[in-house]
Amino acid sequence: MSTVQHGQRSSARDNRRVAFATIIGTTIEWYDFFIYANAAGLVFAKLFFEPAGADIGILISFASVGLSFLFRPLGAFLAGHFGDRLGRRAMLVITLIMMGAATTLIGVLPTFETAGVVAPVLLLLLRILQGISAGGEWGGAVLMAVEHAPRGKRGLFGAFPQLGVPLGMLLASGVLALMSGVVSPGAAFVQWGWRIPFLLSFVLIVVGFMVRRSVEESPVFEEIAQKKQQTRTPVVELFRKHWLLVIIAALVFAGNNAAGYMTTGGYILSYAANPAGLAMDRTEVLLAVTGSAALWFIFTLVSGYLADSIGRKKTYLIGYGCLIVTVFPLFWLVNTGNIWALFLGLALFTVGLGLTYGPQAALYSELFPASIRFSGVAISYALGAIIGGAFAPMIATALVQATGTTASVSLYLLIVALVSTAAVLVIRERRGIDLGINNQAEQEVGATIFDRRRADAADSAAEPANV
């Protein structure tokens, strides 16, 4: 048992402050990320990649969404290394500033028409900076939430930073809908209206910075620092001892991320609103995506409660079951061209999205030992994002262009969801395990069914001898 009762040491007021800080910071971080994804689906192909032609331009635009994912592991490696050695809070502040700076600068970039090839090069460089930031931010946010949480409420507290994703999507699509439908409708949106949501990031980052600076360091890391038990090379130790666990954890996330980026990555928005697709009203589609984000928020919050009451694994399995049965109906409804049917498809889809996203913070935090937890959580998340969502919009676009039907996209999502379901089945439920540094021996084994023999041996060694 750890000498510090993690999550119980802090007052209820402190816990609420941590929860609020993780939600606010993650919302701002993902607002920035989704603004880019939505703009890529709506205007970037025309403004930055037009010489490639309409079909290739949209592929390149979606590829630029995926480009950032390739750099998430770099952000995860850097933030994981310094987060395990220097603390969680510092990484949260640094990544927030990086993301905000990159997003604000995108808002003032020249287009291809005025700057030529320099414009898309600068756009891609700033997208890479967004990827590095996103790769490091999530791990710090979830560990601050989970390591501060009472032991029986880690699922709920871990869901709070997860809520920042649908909130960021809600905010991003809502602001874009406002700009597209009210402030700068029609050609004005393409000319200048798309820039305003990027520039708003500067104000949001100031707010997020002040909130995150006010939060105390994680009690688990404080204990590690007090006992001087930081690992010199946490990433090296992670892959030396737990490489298989990292892969399995990444696969757990891949199905959710691939499905999520049909909406958050701008694919359905582009497919439904662009003339080459269904040519639906752009503002109406943005409002439908905004509404689905609100439902995603609700089901993510519900999944936090479920993760504490029935366990992380069962919640995940229910969630992936929901995704599996909705991947085909989603596009059946979207393809009607009716805005209410599109919203219904997205609404049904968000049930599985929320249930497979909310428990992730608690599940990941309980998989890895304390001294390398930041590295394990951040790198698994980044790799899962590459496998699942990195190029999901581009893959979906290419599949439709090659096959002429969205059924190929549904089949692709089904396969990824089944792989993730299999990964969930080999994870062992570790709800309630002590996360402190003094319990590292128990944390080192038993995270997967492949470790069962080692875990049982460790449990037997920990039992008192019969007298």
# chains A, B, ... in the order shown; residues from 1 in each chain; ligands from 1
>>> residues_around(residues="range 197-204 of chain A", least_positions_apart="2", cutoff="8 Å", atoms="only C-alpha atoms", output="compact mmCIF listing (two decimals) with N, CA and C atoms, in the first residue's frame")
# COMPACT_ATOMS: atom_id res chain seq x y z
N ILE A 28 -9.70 23.31 -25.05
CA ILE A 28 -9.00 24.30 -25.86
C ILE A 28 -8.02 23.62 -26.82
N ASP A 32 -8.53 23.63 -31.04
CA ASP A 32 -7.49 23.99 -32.02
C ASP A 32 -7.31 22.87 -33.05
N ILE A 35 -10.51 22.54 -35.36
CA ILE A 35 -10.67 23.66 -36.28
C ILE A 35 -9.91 23.36 -37.57
N GLY A 100 -1.65 26.42 -29.08
CA GLY A 100 -2.28 27.72 -29.31
C GLY A 100 -1.49 28.59 -30.27
N ALA A 101 -0.18 28.57 -30.14
CA ALA A 101 0.66 29.37 -31.04
C ALA A 101 0.53 28.89 -32.48
N THR A 103 -1.97 27.22 -33.86
CA THR A 103 -3.31 27.47 -34.39
C THR A 103 -3.50 28.94 -34.74
N THR A 104 -3.03 29.83 -33.89
CA THR A 104 -3.16 31.27 -34.17
C THR A 104 -2.41 31.65 -35.43
N LEU A 105 -1.22 31.10 -35.63
CA LEU A 105 -0.42 31.42 -36.81
C LEU A 105 -1.08 30.92 -38.10
N ILE A 106 -1.79 29.78 -38.03
CA ILE A 106 -2.51 29.30 -39.21
C ILE A 106 -3.54 30.35 -39.64
N GLY A 107 -4.12 31.04 -38.68
CA GLY A 107 -5.12 32.06 -38.99
C GLY A 107 -4.60 33.26 -39.75
N VAL A 108 -3.29 33.45 -39.79
CA VAL A 108 -2.72 34.59 -40.53
C VAL A 108 -1.88 34.15 -41.73
N ALA A 172 -15.54 23.94 -31.96
CA ALA A 172 -14.96 24.19 -33.28
C ALA A 172 -16.03 24.22 -34.36
N VAL A 175 -18.41 27.31 -33.88
CA VAL A 175 -17.83 28.58 -34.33
C VAL A 175 -17.78 28.63 -35.85
N LEU A 176 -17.41 27.52 -36.48
CA LEU A 176 -17.39 27.48 -37.95
C LEU A 176 -18.78 27.65 -38.54
N TRP A 194 -13.02 31.88 -42.49
CA TRP A 194 -12.41 30.69 -41.90
C TRP A 194 -11.28 31.04 -40.95
N ARG A 195 -10.68 32.23 -41.10
CA ARG A 195 -9.52 32.62 -40.28
C ARG A 195 -9.90 32.96 -38.83
N VAL A 206 -4.91 31.88 -23.40
CA VAL A 206 -4.64 32.69 -22.20
C VAL A 206 -5.48 32.17 -21.03
N VAL A 207 -6.75 31.87 -21.29
CA VAL A 207 -7.62 31.34 -20.24
C VAL A 207 -7.12 29.99 -19.75
N GLY A 208 -6.81 29.11 -20.69
CA GLY A 208 -6.33 27.78 -20.33
C GLY A 208 -5.03 27.81 -19.55
>>> residues_around(residues="Ile224 in chain A", least_positions_apart="5", cutoff="7 Å", atoms="only C-alpha atoms", output="PyMOL selection string")
chain A and resi 229-230+437
>>> write_last_selection(atoms="N, CA and C atoms", output="mmCIF file, in the first residue's frame")
data_model
loop_
_atom_site.group_PDB
_atom_site.id
_atom_site.type_symbol
_atom_site.label_atom_id
_atom_site.label_comp_id
_atom_site.auth_asym_id
_atom_site.auth_seq_id
_atom_site.Cartn_x
_atom_site.Cartn_y
_atom_site.Cartn_z
ATOM 1 N N GLN A 229 12.690 8.580 -7.014
ATOM 2 C CA GLN A 229 12.580 7.312 -7.748
ATOM 3 C C GLN A 229 12.208 7.536 -9.219
ATOM 4 N N GLN A 230 12.554 8.729 -9.743
ATOM 5 C CA GLN A 230 12.351 8.946 -11.172
ATOM 6 C C GLN A 230 13.273 8.023 -11.971
ATOM 7 N N ILE A 437 3.904 4.752 -6.072
ATOM 8 C CA ILE A 437 5.220 4.209 -6.403
ATOM 9 C C ILE A 437 5.557 3.002 -5.539
#
>>> select_by_dssp(residues="range 71-199 of chain A", states="alpha helix (DSSP H)", output="ChimeraX atom specification")
/A:72-86,88-106,112-115,118-148,154-178,187-188,195-199
>>> closest_residue(among="A:Arg154, A:Lys227, A:His242, A:Arg373", to="Ile433 in chain A", atoms="only C-alpha atoms")
A:Arg154
>>> closest_residue(among="A:Ser270, A:Gln226, A:Asn338, A:Ser375", to="Gly140 in chain A", atoms="only C-alpha atoms")
A:Ser375
>>> closest_residue(among="A:Val334, A:Ala19, A:Val289, A:Ala382", to="His148 in chain A", atoms="only C-alpha atoms")
A:Ala19
>>> closest_atom_pairs(of="range 112-207 of chain A", to="range 411-431 of chain A", cutoff="10 Å", atoms="only C-alpha atoms", output="JSON lines")
{"residue": "A:Arg151", "atom": "CA", "partner": "A:Arg431", "partner_atom": "CA", "distance": 8.5}
{"residue": "A:Gly152", "atom": "CA", "partner": "A:Arg431", "partner_atom": "CA", "distance": 8.2}
{"residue": "A:Lys153", "atom": "CA", "partner": "A:Arg431", "partner_atom": "CA", "distance": 9.8}
{"residue": "A:Arg154", "atom": "CA", "partner": "A:Arg431", "partner_atom": "CA", "distance": 8.5}
{"residue": "A:Gly155", "atom": "CA", "partner": "A:Arg431", "partner_atom": "CA", "distance": 8.7}
>>> write_last_selection(atoms="N, CA and C atoms", output="PDB file, in the first residue's frame")
ATOM      1  N   ARG A 151     -10.013   6.614  -5.308  1.00  0.00           N
ATOM      2  CA  ARG A 151      -9.793   5.332  -5.963  1.00  0.00           C
ATOM      3  C   ARG A 151     -11.042   4.789  -6.635  1.00  0.00           C
ATOM      4  N   GLY A 152     -12.202   4.968  -6.037  1.00  0.00           N
ATOM      5  CA  GLY A 152     -13.429   4.429  -6.592  1.00  0.00           C
ATOM      6  C   GLY A 152     -14.063   5.289  -7.671  1.00  0.00           C
ATOM      7  N   LYS A 153     -13.436   6.433  -7.989  1.00  0.00           N
ATOM      8  CA  LYS A 153     -14.020   7.336  -8.989  1.00  0.00           C
ATOM      9  C   LYS A 153     -13.030   7.680 -10.101  1.00  0.00           C
ATOM     10  N   ARG A 154     -12.052   6.802 -10.312  1.00  0.00           N
ATOM     11  CA  ARG A 154     -11.074   7.090 -11.365  1.00  0.00           C
ATOM     12  C   ARG A 154     -11.704   7.100 -12.751  1.00  0.00           C
ATOM     13  N   GLY A 155     -12.681   6.235 -12.977  1.00  0.00           N
ATOM     14  CA  GLY A 155     -13.345   6.214 -14.272  1.00  0.00           C
ATOM     15  C   GLY A 155     -14.026   7.535 -14.566  1.00  0.00           C
TER      16      GLY A 155
END
>>> residues_around(residues="Met98 in chain A", least_positions_apart="3", cutoff="8 Å", atoms="only C-alpha atoms", output="list in words")
Ile94, Thr95, Ala101, Ala102, Leu129, Gln130 and Ser133 of chain A
>>> closest_residue(among="A:Arg232, A:Lys313, A:Arg282, A:Arg213", to="Thr448 in chain A", atoms="only C-alpha atoms")
A:Lys313
>>> closest_residue(among="A:Pro73, A:Val43, A:Gly436, A:Pro359", to="Phe189 in chain A", atoms="only C-alpha atoms")
A:Val43
>>> atom_distance(atom1="CA of Leu124 in chain A", atom2="CA of Leu67 in chain A")
7.8 Å
>>> residues_around(residues="Phe368 in chain A", least_positions_apart="5", cutoff="10 Å", atoms="only C-alpha atoms", output="ChimeraX atom specification")
/A:238,242,245-246,363,373-377,435,440,443-445,447
>>> residues_around(residues="Arg312 in chain A", least_positions_apart="2", cutoff="12 Å", atoms="only C-alpha atoms", output="MDAnalysis selection string")
chainID A and resid 153:156 158:159 252 303:310 314:319 355:367 424:425 427:432
>>> write_last_selection(atoms="N, CA and C atoms", output="compact mmCIF listing (two decimals), in the first residue's frame")
# COMPACT_ATOMS: atom_id res chain seq x y z
N LYS A 153 -13.44 6.43 -7.99
CA LYS A 153 -14.02 7.34 -8.99
C LYS A 153 -13.03 7.68 -10.10
N ARG A 154 -12.05 6.80 -10.31
CA ARG A 154 -11.07 7.09 -11.36
C ARG A 154 -11.70 7.10 -12.75
N GLY A 155 -12.68 6.24 -12.98
CA GLY A 155 -13.34 6.21 -14.27
C GLY A 155 -14.03 7.54 -14.57
N LEU A 156 -14.74 8.07 -13.58
CA LEU A 156 -15.43 9.35 -13.75
C LEU A 156 -14.45 10.49 -13.91
N GLY A 158 -11.34 10.34 -14.77
CA GLY A 158 -10.60 10.15 -16.00
C GLY A 158 -11.42 10.54 -17.23
N ALA A 159 -12.74 10.50 -17.11
CA ALA A 159 -13.59 10.89 -18.24
C ALA A 159 -13.60 12.40 -18.44
N VAL A 252 -6.38 -0.96 -28.57
CA VAL A 252 -7.64 -0.68 -27.86
C VAL A 252 -8.23 0.64 -28.32
N SER A 303 -20.11 7.04 -19.72
CA SER A 303 -19.15 5.94 -19.70
C SER A 303 -18.21 6.03 -18.51
N GLY A 304 -17.94 7.25 -18.02
CA GLY A 304 -17.12 7.39 -16.83
C GLY A 304 -17.79 6.75 -15.62
N TYR A 305 -19.10 6.98 -15.47
CA TYR A 305 -19.85 6.33 -14.39
C TYR A 305 -19.88 4.82 -14.58
N LEU A 306 -20.12 4.38 -15.82
CA LEU A 306 -20.17 2.94 -16.08
C LEU A 306 -18.84 2.27 -15.77
N ALA A 307 -17.74 2.94 -16.12
CA ALA A 307 -16.41 2.36 -15.90
C ALA A 307 -16.16 2.10 -14.42
N ASP A 308 -16.73 2.96 -13.56
CA ASP A 308 -16.58 2.75 -12.12
C ASP A 308 -17.55 1.72 -11.57
N SER A 309 -18.70 1.56 -12.21
CA SER A 309 -19.71 0.66 -11.66
C SER A 309 -19.61 -0.77 -12.21
N ILE A 310 -19.36 -0.92 -13.52
CA ILE A 310 -19.29 -2.27 -14.09
C ILE A 310 -17.89 -2.63 -14.59
N LYS A 314 -15.89 -4.04 -19.51
CA LYS A 314 -17.29 -4.21 -19.91
C LYS A 314 -17.82 -2.97 -20.61
N THR A 315 -17.43 -1.80 -20.12
CA THR A 315 -17.87 -0.56 -20.76
C THR A 315 -17.33 -0.48 -22.19
N TYR A 316 -16.05 -0.82 -22.35
CA TYR A 316 -15.44 -0.82 -23.68
C TYR A 316 -16.16 -1.80 -24.61
N LEU A 317 -16.43 -3.00 -24.14
CA LEU A 317 -17.04 -4.01 -24.99
C LEU A 317 -18.45 -3.62 -25.41
N ILE A 318 -19.20 -3.00 -24.51
CA ILE A 318 -20.52 -2.48 -24.88
C ILE A 318 -20.37 -1.40 -25.95
N GLY A 319 -19.39 -0.52 -25.74
CA GLY A 319 -19.17 0.57 -26.68
C GLY A 319 -18.78 0.10 -28.07
N LEU A 355 -18.82 5.64 -25.35
CA LEU A 355 -18.57 4.50 -24.46
C LEU A 355 -17.18 3.90 -24.65
N THR A 356 -16.55 4.11 -25.80
CA THR A 356 -15.19 3.61 -26.01
C THR A 356 -14.13 4.68 -25.81
N TYR A 357 -14.54 5.84 -25.33
CA TYR A 357 -13.55 6.92 -25.10
C TYR A 357 -13.47 7.32 -23.64
N GLY A 358 -14.60 7.38 -22.96
CA GLY A 358 -14.60 7.81 -21.56
C GLY A 358 -13.73 6.99 -20.64
N PRO A 359 -13.74 5.62 -20.74
CA PRO A 359 -12.97 4.80 -19.79
C PRO A 359 -11.46 4.77 -20.08
N GLN A 360 -11.03 5.38 -21.19
CA GLN A 360 -9.65 5.18 -21.63
C GLN A 360 -8.62 5.72 -20.63
N ALA A 361 -8.90 6.85 -20.04
CA ALA A 361 -7.94 7.45 -19.12
C ALA A 361 -7.67 6.54 -17.93
N ALA A 362 -8.74 6.04 -17.30
CA ALA A 362 -8.57 5.15 -16.15
C ALA A 362 -7.91 3.84 -16.56
N LEU A 363 -8.36 3.27 -17.67
CA LEU A 363 -7.79 2.00 -18.13
C LEU A 363 -6.30 2.13 -18.38
N TYR A 364 -5.89 3.14 -19.15
CA TYR A 364 -4.48 3.33 -19.47
C TYR A 364 -3.65 3.58 -18.21
N SER A 365 -4.15 4.42 -17.31
CA SER A 365 -3.39 4.77 -16.10
C SER A 365 -3.15 3.56 -15.22
N GLU A 366 -4.10 2.61 -15.22
CA GLU A 366 -3.97 1.42 -14.38
C GLU A 366 -3.16 0.32 -15.05
N LEU A 367 -2.80 0.49 -16.31
CA LEU A 367 -2.00 -0.52 -17.01
C LEU A 367 -0.51 -0.41 -16.72
N VAL A 424 -9.20 -5.33 -26.44
CA VAL A 424 -9.85 -5.16 -25.13
C VAL A 424 -9.96 -6.49 -24.40
N LEU A 425 -10.25 -7.55 -25.13
CA LEU A 425 -10.44 -8.86 -24.52
C LEU A 425 -9.17 -9.41 -23.87
N ILE A 427 -6.91 -7.46 -22.35
CA ILE A 427 -6.57 -6.60 -21.21
C ILE A 427 -7.25 -7.16 -19.96
N ARG A 428 -6.54 -7.13 -18.84
CA ARG A 428 -7.14 -7.55 -17.56
C ARG A 428 -7.69 -6.34 -16.82
N GLU A 429 -8.83 -6.50 -16.21
CA GLU A 429 -9.44 -5.44 -15.41
C GLU A 429 -8.57 -5.16 -14.19
N ARG A 430 -8.14 -3.89 -14.01
CA ARG A 430 -7.29 -3.54 -12.85
C ARG A 430 -7.94 -2.40 -12.06
N ARG A 431 -9.25 -2.34 -12.07
CA ARG A 431 -9.96 -1.30 -11.36
C ARG A 431 -9.60 -1.31 -9.88
N GLY A 432 -9.18 -0.16 -9.37
CA GLY A 432 -8.89 -0.02 -7.94
C GLY A 432 -7.46 -0.30 -7.53
>>> residues_around(residues="range 271-275 of chain A", least_positions_apart="6", cutoff="10 Å", atoms="only C-alpha atoms", output="PDB file with N, CA and C atoms, in the first residue's frame")
ATOM      1  N   GLY A  41     -11.560  19.963 -44.444  1.00  0.00           N
ATOM      2  CA  GLY A  41     -12.661  19.400 -45.203  1.00  0.00           C
ATOM      3  C   GLY A  41     -13.447  20.431 -45.990  1.00  0.00           C
ATOM      4  N   LEU A  42     -13.387  21.708 -45.550  1.00  0.00           N
ATOM      5  CA  LEU A  42     -14.219  22.730 -46.167  1.00  0.00           C
ATOM      6  C   LEU A  42     -13.477  23.636 -47.159  1.00  0.00           C
ATOM      7  N   VAL A  43     -12.285  24.137 -46.786  1.00  0.00           N
ATOM      8  CA  VAL A  43     -11.668  25.196 -47.599  1.00  0.00           C
ATOM      9  C   VAL A  43     -10.199  24.990 -47.946  1.00  0.00           C
ATOM     10  N   MET A 262     -14.167  10.055 -38.586  1.00  0.00           N
ATOM     11  CA  MET A 262     -15.156  10.241 -39.639  1.00  0.00           C
ATOM     12  C   MET A 262     -15.889  11.565 -39.429  1.00  0.00           C
ATOM     13  N   ASP A 281     -26.295  21.652 -47.595  1.00  0.00           N
ATOM     14  CA  ASP A 281     -25.972  22.979 -47.079  1.00  0.00           C
ATOM     15  C   ASP A 281     -24.872  22.886 -46.024  1.00  0.00           C
ATOM     16  N   ARG A 282     -23.813  23.661 -46.237  1.00  0.00           N
ATOM     17  CA  ARG A 282     -22.634  23.574 -45.370  1.00  0.00           C
ATOM     18  C   ARG A 282     -22.957  23.923 -43.923  1.00  0.00           C
ATOM     19  N   THR A 283     -23.718  24.989 -43.713  1.00  0.00           N
ATOM     20  CA  THR A 283     -24.027  25.417 -42.350  1.00  0.00           C
ATOM     21  C   THR A 283     -24.900  24.386 -41.641  1.00  0.00           C
ATOM     22  N   GLU A 284     -25.870  23.805 -42.358  1.00  0.00           N
ATOM     23  CA  GLU A 284     -26.726  22.785 -41.746  1.00  0.00           C
ATOM     24  C   GLU A 284     -25.909  21.561 -41.338  1.00  0.00           C
ATOM     25  N   VAL A 285     -24.967  21.160 -42.182  1.00  0.00           N
ATOM     26  CA  VAL A 285     -24.129  20.002 -41.843  1.00  0.00           C
ATOM     27  C   VAL A 285     -23.267  20.317 -40.628  1.00  0.00           C
ATOM     28  N   LEU A 286     -22.714  21.536 -40.578  1.00  0.00           N
ATOM     29  CA  LEU A 286     -21.925  21.937 -39.416  1.00  0.00           C
ATOM     30  C   LEU A 286     -22.766  21.897 -38.142  1.00  0.00           C
ATOM     31  N   VAL A 334     -26.680   9.009 -43.859  1.00  0.00           N
ATOM     32  CA  VAL A 334     -26.016  10.171 -44.455  1.00  0.00           C
ATOM     33  C   VAL A 334     -26.340  10.263 -45.942  1.00  0.00           C
ATOM     34  N   ASN A 335     -26.335   9.139 -46.628  1.00  0.00           N
ATOM     35  CA  ASN A 335     -26.522   9.128 -48.082  1.00  0.00           C
ATOM     36  C   ASN A 335     -27.937   9.487 -48.527  1.00  0.00           C
ATOM     37  N   GLY A 337     -29.162  12.268 -47.992  1.00  0.00           N
ATOM     38  CA  GLY A 337     -29.106  13.686 -48.323  1.00  0.00           C
ATOM     39  C   GLY A 337     -30.028  14.538 -47.480  1.00  0.00           C
ATOM     40  N   ASN A 338     -30.715  13.920 -46.531  1.00  0.00           N
ATOM     41  CA  ASN A 338     -31.612  14.643 -45.630  1.00  0.00           C
ATOM     42  C   ASN A 338     -30.855  15.011 -44.360  1.00  0.00           C
ATOM     43  N   ILE A 339     -30.934  16.262 -43.950  1.00  0.00           N
ATOM     44  CA  ILE A 339     -30.111  16.731 -42.826  1.00  0.00           C
ATOM     45  C   ILE A 339     -30.502  16.044 -41.519  1.00  0.00           C
ATOM     46  N   LEU A 342     -29.074  12.598 -41.556  1.00  0.00           N
ATOM     47  CA  LEU A 342     -27.631  12.697 -41.290  1.00  0.00           C
ATOM     48  C   LEU A 342     -27.379  12.855 -39.796  1.00  0.00           C
ATOM     49  N   PRO A 393      -9.745   9.849 -42.606  1.00  0.00           N
ATOM     50  CA  PRO A 393     -10.484  10.613 -43.622  1.00  0.00           C
ATOM     51  C   PRO A 393      -9.921  10.428 -45.029  1.00  0.00           C
ATOM     52  N   ALA A 396     -10.892   6.956 -46.217  1.00  0.00           N
ATOM     53  CA  ALA A 396     -12.307   6.946 -46.577  1.00  0.00           C
ATOM     54  C   ALA A 396     -12.525   7.599 -47.936  1.00  0.00           C
ATOM     55  N   THR A 397     -11.870   8.733 -48.171  1.00  0.00           N
ATOM     56  CA  THR A 397     -11.998   9.426 -49.456  1.00  0.00           C
ATOM     57  C   THR A 397     -11.484   8.552 -50.593  1.00  0.00           C
ATOM     58  N   VAL A 400     -13.915   5.597 -51.345  1.00  0.00           N
ATOM     59  CA  VAL A 400     -15.106   5.996 -52.102  1.00  0.00           C
ATOM     60  C   VAL A 400     -14.747   6.297 -53.556  1.00  0.00           C
TER      61      VAL A 400
END
>>> closest_residue(among="A:Gly168, A:Pro51, A:Gly345, A:Gly311", to="Tyr31 in chain A", atoms="only C-alpha atoms")
A:Gly168
>>> residues_around(residues="Leu86 in chain A", least_positions_apart="2", cutoff="12 Å", atoms="only C-alpha atoms", output="PyMOL selection string")
chain A and resi 78-84+88-92+140+217-218+221-222+224-226+228-232+234+371+374
>>> write_last_selection(atoms="N, CA and C atoms", output="compact mmCIF listing (two decimals), in the first residue's frame")
# COMPACT_ATOMS: atom_id res chain seq x y z
N LEU A 78 8.68 12.96 -25.95
CA LEU A 78 9.26 14.10 -25.23
C LEU A 78 8.48 14.39 -23.94
N ALA A 79 7.15 14.48 -24.06
CA ALA A 79 6.34 14.78 -22.87
C ALA A 79 6.39 13.63 -21.88
N GLY A 80 6.43 12.39 -22.38
CA GLY A 80 6.52 11.24 -21.48
C GLY A 80 7.82 11.25 -20.71
N HIS A 81 8.93 11.50 -21.41
CA HIS A 81 10.24 11.53 -20.75
C HIS A 81 10.28 12.59 -19.65
N PHE A 82 9.91 13.82 -20.02
CA PHE A 82 10.00 14.91 -19.05
C PHE A 82 8.85 14.87 -18.05
N GLY A 83 7.71 14.31 -18.46
CA GLY A 83 6.60 14.18 -17.51
C GLY A 83 6.89 13.18 -16.42
N ASP A 84 7.63 12.09 -16.76
CA ASP A 84 8.01 11.11 -15.74
C ASP A 84 9.18 11.60 -14.89
N ARG A 88 3.93 16.25 -14.19
CA ARG A 88 2.84 16.28 -15.16
C ARG A 88 2.41 17.70 -15.51
N ARG A 89 2.36 18.58 -14.50
CA ARG A 89 1.78 19.91 -14.70
C ARG A 89 2.57 20.74 -15.70
N ALA A 90 3.90 20.70 -15.63
CA ALA A 90 4.71 21.51 -16.54
C ALA A 90 4.44 21.14 -17.99
N MET A 91 4.27 19.84 -18.26
CA MET A 91 4.01 19.41 -19.63
C MET A 91 2.65 19.90 -20.13
N LEU A 92 1.67 19.98 -19.22
CA LEU A 92 0.36 20.48 -19.61
C LEU A 92 0.43 21.92 -20.09
N GLY A 140 -0.54 13.93 -20.01
CA GLY A 140 -0.47 14.75 -18.80
C GLY A 140 -1.83 15.06 -18.23
N GLU A 217 0.52 19.80 -8.53
CA GLU A 217 1.10 18.63 -9.18
C GLU A 217 0.41 17.35 -8.71
N SER A 218 0.45 16.33 -9.57
CA SER A 218 -0.12 15.03 -9.23
C SER A 218 0.50 14.48 -7.95
N PHE A 221 3.19 11.80 -8.63
CA PHE A 221 4.51 12.28 -9.03
C PHE A 221 5.22 12.96 -7.85
N GLU A 222 4.48 13.65 -7.00
CA GLU A 222 5.11 14.27 -5.83
C GLU A 222 5.77 13.22 -4.96
N ILE A 224 6.86 10.26 -6.03
CA ILE A 224 8.02 9.78 -6.78
C ILE A 224 9.20 10.72 -6.61
N ALA A 225 8.93 12.03 -6.69
CA ALA A 225 10.00 13.04 -6.57
C ALA A 225 10.57 13.05 -5.16
N GLN A 226 9.70 12.95 -4.15
CA GLN A 226 10.18 12.97 -2.77
C GLN A 226 11.10 11.80 -2.48
N LYS A 228 12.79 10.31 -4.76
CA LYS A 228 13.84 10.31 -5.79
C LYS A 228 13.87 8.99 -6.57
N GLN A 229 12.69 8.58 -7.01
CA GLN A 229 12.58 7.31 -7.75
C GLN A 229 12.21 7.54 -9.22
N GLN A 230 12.55 8.73 -9.74
CA GLN A 230 12.35 8.95 -11.17
C GLN A 230 13.27 8.02 -11.97
N THR A 231 12.76 7.51 -13.08
CA THR A 231 13.55 6.67 -13.97
C THR A 231 14.36 7.56 -14.91
N ARG A 232 15.65 7.23 -15.09
CA ARG A 232 16.52 8.08 -15.93
C ARG A 232 16.08 8.06 -17.39
N PRO A 234 12.85 6.72 -19.00
CA PRO A 234 11.55 6.04 -18.90
C PRO A 234 11.09 5.39 -20.20
N SER A 371 6.45 4.80 -12.31
CA SER A 371 7.65 5.52 -12.72
C SER A 371 7.74 5.76 -14.21
N PHE A 374 3.57 8.08 -17.41
CA PHE A 374 3.34 9.14 -18.39
C PHE A 374 3.78 8.67 -19.77
